[in-house]
Amino acid sequence: LFQYGALWNQSLAAWDISSLTTATYMWESNVALSVANLDATLIGWEAGTHTSSVSVHFGYNKYTGGGAAEAAHDALVTEGWTIQSDGTV
């Protein structure tokens, strides 16, 4: 979806992902997503209605460790999600 959208830098926290099964190539290359926007996306997606066992690739983007974003990430992984990113800051 945003694989080559280098100018995309927005939160997707409010997106309806209730039917999402894969977003493997969503941000795979050249998309700079701010830490704040990836944090908001993870937190919003975990809090909203979502399926289990989703695969999502956030490219080389990072999220905040030790807080709500990491907790949301870990909760999604516990539900079977595979989340690829560049880790935490």
# chains A, B, ... in the order shown; residues from 1 in each chain; ligands from 1
>>> residues_around(residues="range 68-79 of chain A", least_positions_apart="4", cutoff="7 Å", atoms="only C-alpha atoms", output="NGL selection string")
:A and (39 or 42-43 or 46 or 52-53 or 63-64)
>>> select_by_dssp(residues="chain A", states="alpha helix (DSSP H)", output="list in words")
Val35, Ala36, Asn37, Leu38, Asp39, Ala40, Thr41, Leu42, Ile43, Gly44, Trp45, Glu46, Ala47, Ala68, Ala69, Glu70, Ala71, Ala72, His73, Asp74, Ala75, Leu76, Val77 and Thr78 of chain A
>>> closest_residue(among="A:Tyr60, A:Thr22, A:Ile17, A:Gln10", to="Ala40 in chain A", atoms="only C-alpha atoms")
A:Gln10
>>> closest_residue(among="A:Leu38, A:His57, A:Thr51, A:Met26", to="Thr88 in chain A", atoms="only C-alpha atoms")
A:Leu38
>>> closest_residue(among="A:Ser18, A:Gly87, A:Ala13, A:Trp81", to="Thr49 in chain A", atoms="only C-alpha atoms")
A:Ser18
>>> residues_around(residues="Thr82 in chain A", least_positions_apart="5", cutoff="7 Å", atoms="only C-alpha atoms", output="list in words")
Val54, Ser55, Val56 and Val77 of chain A
